[in-house]
$ cat query06.pdb   # PDB, C-alpha atoms
ATOM      1  CA  MET O  25      96.008  71.786 117.710  1.00  0.00           C
ATOM      2  CA  ARG O  26      96.712  74.885 115.626  1.00  0.00           C
ATOM      3  CA  ALA O  27      95.655  77.134 118.523  1.00  0.00           C
ATOM      4  CA  LEU O  28      98.034  75.271 120.841  1.00  0.00           C
ATOM      5  CA  ILE O  29     100.933  75.731 118.435  1.00  0.00           C
ATOM      6  CA  GLU O  30     100.184  79.447 118.084  1.00  0.00           C
ATOM      7  CA  ALA O  31      99.954  79.801 121.862  1.00  0.00           C
ATOM      8  CA  ILE O  32     103.353  78.122 122.297  1.00  0.00           C
ATOM      9  CA  LYS O  33     104.901  80.408 119.663  1.00  0.00           C
ATOM     10  CA  THR O  34     103.432  83.442 121.413  1.00  0.00           C
ATOM     11  CA  VAL O  35     104.799  82.358 124.784  1.00  0.00           C
ATOM     12  CA  ARG O  36     108.257  81.760 123.309  1.00  0.00           C
ATOM     13  CA  ALA O  37     108.231  85.155 121.590  1.00  0.00           C
ATOM     14  CA  ARG O  38     107.246  86.855 124.842  1.00  0.00           C
ATOM     15  CA  ARG O  39     110.016  85.050 126.733  1.00  0.00           C
ATOM     16  CA  ARG O  40     112.596  86.123 124.127  1.00  0.00           C
ATOM     17  CA  ALA O  41     111.362  89.707 124.378  1.00  0.00           C
ATOM     18  CA  ALA O  42     111.475  89.593 128.176  1.00  0.00           C
ATOM     19  CA  LYS O  43     115.057  88.359 128.078  1.00  0.00           C
ATOM     20  CA  GLY O  44     116.060  91.232 125.829  1.00  0.00           C
ATOM     21  CA  GLY O  45     115.701  89.219 122.657  1.00  0.00           C
ATOM     22  CA  LEU O  46     114.461  92.185 120.668  1.00  0.00           C
ATOM     23  CA  ARG O  47     116.144  92.488 117.307  1.00  0.00           C
ATOM     24  CA  SER O  48     116.292  95.327 114.810  1.00  0.00           C
ATOM     25  CA  TYR O  49     114.182  95.104 111.678  1.00  0.00           C
ATOM     26  CA  THR O  50     113.619  97.376 108.714  1.00  0.00           C
ATOM     27  CA  VAL O  51     110.093  97.245 107.312  1.00  0.00           C
ATOM     28  CA  VAL O  52     109.101  98.716 103.939  1.00  0.00           C
ATOM     29  CA  LEU O  53     105.470  99.800 103.546  1.00  0.00           C
ATOM     30  CA  ASP O  54     103.859 101.295 100.463  1.00  0.00           C
ATOM     31  CA  TRP O  55     100.557 103.129 100.182  1.00  0.00           C
ATOM     32  CA  ALA O  56      97.861 100.780  98.873  1.00  0.00           C
ATOM     33  CA  THR O  57      95.112 103.282  98.051  1.00  0.00           C
ATOM     34  CA  LYS O  58      94.963 105.548  95.005  1.00  0.00           C
ATOM     35  CA  GLU O  59      94.166 108.515  97.218  1.00  0.00           C
ATOM     36  CA  TYR O  60      97.638 108.384  98.807  1.00  0.00           C
ATOM     37  CA  ALA O  61      99.586 106.694  95.999  1.00  0.00           C
ATOM     38  CA  HIS O  62     101.635 109.841  95.442  1.00  0.00           C
ATOM     39  CA  TYR O  63     103.047 109.668  98.994  1.00  0.00           C
ATOM     40  CA  ALA O  64     106.549 108.272  99.440  1.00  0.00           C
ATOM     41  CA  THR O  65     107.147 104.686 100.510  1.00  0.00           C
ATOM     42  CA  GLU O  66     107.573 104.331 104.271  1.00  0.00           C
ATOM     43  CA  VAL O  67     110.834 102.734 105.450  1.00  0.00           C
ATOM     44  CA  VAL O  68     110.560 102.093 109.191  1.00  0.00           C
ATOM     45  CA  GLN O  69     113.208 100.792 111.607  1.00  0.00           C
ATOM     46  CA  VAL O  70     111.769  98.972 114.625  1.00  0.00           C
ATOM     47  CA  ARG O  71     112.906  96.623 117.372  1.00  0.00           C
ATOM     48  CA  ALA O  72     110.775  93.525 117.827  1.00  0.00           C
ATOM     49  CA  ALA O  73     110.881  89.880 118.850  1.00  0.00           C
ATOM     50  CA  SER O  74     109.813  88.531 115.453  1.00  0.00           C
ATOM     51  CA  PRO O  75     109.281  89.718 111.865  1.00  0.00           C
ATOM     52  CA  LEU O  76     105.502  89.704 112.362  1.00  0.00           C
ATOM     53  CA  ALA O  77     105.790  91.826 115.491  1.00  0.00           C
ATOM     54  CA  ALA O  78     108.090  94.151 113.543  1.00  0.00           C
ATOM     55  CA  GLU O  79     105.459  94.507 110.819  1.00  0.00           C
ATOM     56  CA  MET O  80     102.760  95.413 113.367  1.00  0.00           C
ATOM     57  CA  ALA O  81     105.079  97.900 115.082  1.00  0.00           C
ATOM     58  CA  ALA O  82     105.907  99.441 111.699  1.00  0.00           C
ATOM     59  CA  TYR O  83     102.206  99.845 110.893  1.00  0.00           C
ATOM     60  CA  LEU O  84     101.709 101.644 114.206  1.00  0.00           C
ATOM     61  CA  GLN O  85     104.770 103.854 113.773  1.00  0.00           C
ATOM     62  CA  ALA O  86     103.824 104.800 110.194  1.00  0.00           C
ATOM     63  CA  ALA O  87     100.247 105.566 111.275  1.00  0.00           C
ATOM     64  CA  GLU O  88     101.435 107.811 114.086  1.00  0.00           C
ATOM     65  CA  ALA O  89     103.861 109.593 111.758  1.00  0.00           C
ATOM     66  CA  ASN O  90     101.143 110.288 109.163  1.00  0.00           C
ATOM     67  CA  ALA O  91      98.269 111.010 111.556  1.00  0.00           C
ATOM     68  CA  HIS O  92      98.414 114.756 111.032  1.00  0.00           C
ATOM     69  CA  HIS O  93      97.741 114.652 107.273  1.00  0.00           C
ATOM     70  CA  VAL O  94      95.767 111.438 106.663  1.00  0.00           C
ATOM     71  CA  ASP O  95      92.097 111.725 107.589  1.00  0.00           C
ATOM     72  CA  GLN O  96      91.605 108.007 108.313  1.00  0.00           C
ATOM     73  CA  PHE O  97      94.285 108.067 111.028  1.00  0.00           C
ATOM     74  CA  GLU O  98      92.697 111.066 112.763  1.00  0.00           C
ATOM     75  CA  GLN O  99      89.518 109.043 113.369  1.00  0.00           C
ATOM     76  CA  ALA O 100      91.402 106.162 115.045  1.00  0.00           C
ATOM     77  CA  VAL O 101      92.047 106.812 118.729  1.00  0.00           C
ATOM     78  CA  THR O 102      93.852 103.764 120.128  1.00  0.00           C
ATOM     79  CA  GLY O 103      96.950 101.942 118.913  1.00  0.00           C
ATOM     80  CA  ARG O 104      94.878  98.922 117.890  1.00  0.00           C
ATOM     81  CA  ASP O 105      92.627 101.077 115.728  1.00  0.00           C
ATOM     82  CA  LEU O 106      95.652 102.737 114.143  1.00  0.00           C
ATOM     83  CA  VAL O 107      97.133  99.343 113.232  1.00  0.00           C
ATOM     84  CA  ILE O 108      93.838  98.209 111.676  1.00  0.00           C
ATOM     85  CA  VAL O 109      93.515 101.382 109.598  1.00  0.00           C
ATOM     86  CA  ALA O 110      97.194 101.221 108.639  1.00  0.00           C
ATOM     87  CA  GLY O 111      96.683  97.640 107.460  1.00  0.00           C
ATOM     88  CA  GLN O 112      94.023  98.941 105.087  1.00  0.00           C
ATOM     89  CA  LEU O 113      96.036 101.911 103.815  1.00  0.00           C
ATOM     90  CA  PHE O 114      99.511 100.355 103.615  1.00  0.00           C
ATOM     91  CA  LYS O 115     100.796  97.377 101.678  1.00  0.00           C
ATOM     92  CA  HIS O 116     103.639  95.407 103.280  1.00  0.00           C
ATOM     93  CA  ILE O 117     106.531  95.148 100.825  1.00  0.00           C
ATOM     94  CA  ALA O 118     109.382  93.584 102.798  1.00  0.00           C
ATOM     95  CA  THR O 119     110.912  93.021 106.225  1.00  0.00           C
ATOM     96  CA  PHE O 120     114.702  92.923 106.531  1.00  0.00           C
ATOM     97  CA  PRO O 121     116.674  91.888 109.599  1.00  0.00           C
ATOM     98  CA  GLY O 122     118.885  94.647 110.925  1.00  0.00           C
ATOM     99  CA  THR O 123     118.833  98.357 110.244  1.00  0.00           C
ATOM    100  CA  GLN O 124     118.912  99.142 106.536  1.00  0.00           C
ATOM    101  CA  TYR O 125     119.117 102.543 104.876  1.00  0.00           C
ATOM    102  CA  ALA O 126     118.305 103.520 101.336  1.00  0.00           C
ATOM    103  CA  ILE O 127     121.300 104.538  99.231  1.00  0.00           C
ATOM    104  CA  GLN O 128     120.920 107.632  97.120  1.00  0.00           C
ATOM    105  CA  SER O 129     123.637 108.091  94.558  1.00  0.00           C
ATOM    106  CA  ASP O 130     124.078 109.397  91.029  1.00  0.00           C
ATOM    107  CA  LYS O 131     126.193 106.350  90.127  1.00  0.00           C
ATOM    108  CA  PHE O 132     123.273 103.918  89.912  1.00  0.00           C
TER     109      PHE O 132
END

$ encode --input "query06.pdb" --output "structure tokens"
Amino acid sequence: MRALIEAIKTVRARRRAAKGGLRSYTVVLDWATKEYAHYATEVVQVRAASPLAAEMAAYLQAAEANAHHVDQFEQAVTGRDLVIVAGQLFKHIATFPGTQYAIQSDKF
């Protein structure tokens, strides 16, 4: 029964995406390993059909952006491998609907 429900959700998400139902999301990822803890938090804007799809797209985008200076990403060749490695190196903090930007001000 659970597999049927997940299959229905997947079909609905694909139909929304096919109809142009992609929405903007902002995903915040932080480095989970001590080796890269000094790196800045990744704030990624993506377009996806659901928050989960946005999280996966953010993992891929962050992995591609950091591939040139993170050894684990250089070993991964395909997008699927990059997402798996990114899931091990990043910690998901939050997903916000819409495009959000960090505010930098001296007043806070």

$ atom_distance --input "query06.pdb" --atom1 "atom CA of Val52 of chain O" --atom2 "atom CA of Pro75 of chain O"
12.0 Å

$ atom_distance --input "query06.pdb" --atom1 "atom CA of His92 of chain O" --atom2 "atom CA of Glu66 of chain O"
15.4 Å

$ atom_distance --input "query06.pdb" --atom1 "atom CA of Leu53 of chain O" --atom2 "atom CA of Glu98 of chain O"
19.4 Å

$ resolve_selection --input "query06.pdb" --expression "the PyMOL selection byres ((chain O and resi 104) around 12)" --output "list of chain:residue names"
O:Met80, O:Ala81, O:Tyr83, O:Leu84, O:Gln85, O:Ala87, O:Glu88, O:Phe97, O:Ala100, O:Val101, O:Thr102, O:Gly103, O:Asp105, O:Leu106, O:Val107, O:Ile108, O:Val109, O:Ala110, O:Gly111

$ resolve_selection --input "query06.pdb" --expression "the PyMOL selection byres ((chain O and resi 49) around 12)" --output "compact mmCIF listing (two decimals) with C-alpha atoms, keeping the file's coordinate frame"
# COMPACT_ATOMS: atom_id res chain seq x y z
CA LEU O 46 114.46 92.18 120.67
CA ARG O 47 116.14 92.49 117.31
CA SER O 48 116.29 95.33 114.81
CA THR O 50 113.62 97.38 108.71
CA VAL O 51 110.09 97.24 107.31
CA VAL O 52 109.10 98.72 103.94
CA VAL O 67 110.83 102.73 105.45
CA VAL O 68 110.56 102.09 109.19
CA GLN O 69 113.21 100.79 111.61
CA VAL O 70 111.77 98.97 114.62
CA ARG O 71 112.91 96.62 117.37
CA ALA O 72 110.78 93.52 117.83
CA ALA O 73 110.88 89.88 118.85
CA SER O 74 109.81 88.53 115.45
CA PRO O 75 109.28 89.72 111.86
CA LEU O 76 105.50 89.70 112.36
CA ALA O 77 105.79 91.83 115.49
CA ALA O 78 108.09 94.15 113.54
CA GLU O 79 105.46 94.51 110.82
CA MET O 80 102.76 95.41 113.37
CA ALA O 81 105.08 97.90 115.08
CA ALA O 82 105.91 99.44 111.70
CA ALA O 118 109.38 93.58 102.80
CA THR O 119 110.91 93.02 106.22
CA PHE O 120 114.70 92.92 106.53
CA PRO O 121 116.67 91.89 109.60
CA GLY O 122 118.88 94.65 110.92
CA THR O 123 118.83 98.36 110.24
CA GLN O 124 118.91 99.14 106.54
CA TYR O 125 119.12 102.54 104.88

$ closest_residue --input "query06.pdb" --among "O:Ala61, O:Ala31, O:Ala56, O:Ala89" --to "Phe114 of chain O" --atoms "all atoms listed in the file"
O:Ala56

$ axis_aligned_box --input "query06.pdb" --around "segment 54-64 of chain O" --padding-each-side "6 Å" --output "JSON"
{"center_x": 100.4, "center_y": 105.3, "center_z": 97.7, "size_x": 24.4, "size_y": 21.1, "size_z": 17.5}

$ closest_residue --input "query06.pdb" --among "O:Val94, O:Ala86, O:Ile29, O:Ala37" --to "Thr57 of chain O" --atoms "all atoms listed in the file"
O:Val94
